[in-house]
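Q: What follows is a single structure, and I will ask about it in a moment.
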Amino acid sequence: MKSKKLFKVLFIIFSVGIASSISLIGGLGIEAVQHDLVKIIPLLIALPALNSLVGDYATLIAAHAGDPTERGRSKWELVRAMLPSVATSTLLILGLSTVLGFQRGYHFTASFLATYVMFVVCAIISVITVMFILTLILDALLKKQKLNPDDILIPIVTTISDIFMLGLIALAVKFIF
Amino acid sequence: MLGQAIALCGSLLAGYILELNKASLTLFAGAFLLLPGVVDLAASITGAMCAKINHRLEKGGRTATVLKNSVLFAFLLSLTCGLIVGLVGGTIGVIVFDVPFFHVAALAVATMISVGLVSYPAMSLLTLFIRKTGADPDNIIGPVETGFTDALTAFTVSMIVRLLL
């Protein structure tokens, strides 16, 4: 019984540790473009917010998936409930990062602003859509394995959302901005 | 919606902290490599801890026992997983960017310990408070804890980098 519990704890440590280590793939991209990234002040300021925004929604979707009372609800209800919040959050990130960037002396141009807005909107929509589909698949798999989704699902989906978002940011710094 | 706005302000504060400390962060090879790993780890352990506290209390667990066990387990995860991220980050850093292995590993472990000391007790108490108000912590705690841990982790990494430089 004790060895079974120890195995479970070791499994959780291993999966959370490895899941977060996989986030370093996103870090590889950011480290590689760091000297260009620090020059794009609004994007540097928005980077943790973009990362945590997609992580938040991944956590929210995963926490609902892990709660037995929520499993019966329609997934469309969750999507409909999230839409206004996603739109407001995107506007908040764009607005505040622009204001803070301006305050830090970044020289804004009309073409930069248009590119920046387009990039942020497209990146958020694409990452959240992928996360939603992935959570549904993983939750179904974990239920079959009789593992607590709270311990495994949240770290996995937040890690994958990190990689997606940081990868998109690194690619944007290299090829778009 | 308000929780999400507060969380985003926390994350934008984290970005602002990075911007203010960008000179030392770019001088410390491996800081940007490690940053997503420790930020993600701190947020995911805190998120998992809060969700577990909420679901165990829903099942009728004793509050003090649930809190103590969940926070201690989060600390255990923080230490061991911080070490794993540090070792993996150090190895990747040495291979790809030729950075000092122990600097990266020490940065990961020191950050996870410092963040855990503040974040886990604070967020577990916040989960209890949200339950007391009658709201569902699953809907609120995720955004709030990520905003809080993002700002705290960015600040901690920046301070430790300054110490190590």
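Starting from 1 in every chain, residues are counted up; chains themselves are A, B, ... following the order of the structure tokens, and ligands are numbered from 1 as listed.
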Do me a favour and pick out the residues of chain A within 6 Å of chain B, using only C-alpha atoms, as a list of chain:residue names.
A: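 Putting it all together, I get A:Ile13, A:Gly17, A:Ser20, A:Ser21, A:Ser23, A:Leu24, A:Gly27, A:Leu28, A:Glu31, A:Ile45, A:Ala46, A:Pro48, A:Ala49, A:Asp56, A:Ser85, A:Asp150, A:Asp151, A:Pro155.
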Q: Contacts of Asp136 of chain B at 12 Å or less, counting only C-alpha atoms, minus same-chain residues fewer than 5 places along, as a PyMOL selection string?
A: (chain A and resi 60+63-64+67+70) or (chain B and resi 50-51+53-55+57-58+126-131+141-142)
Q: For atom CA of Ser97 of chain A and atom CA of Ile176 of chain A, quote the distance in Å rounded to one decimal.
A: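 The value is 18.2 Å.
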Q: Taking only C-alpha atoms into account, which of A:Ile169, A:Ile152, A:Gly105, A:Lys174 comes nearest Phe14 of chain A?
A: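 Looking at the shortest contact to Phe14 of chain A, the residue is A:Ile152.
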Q: Atom CA of Ser89 of chain A to atom CA of Phe164 of chain A: how many Å, to one decimal?
A: 18.4 Å
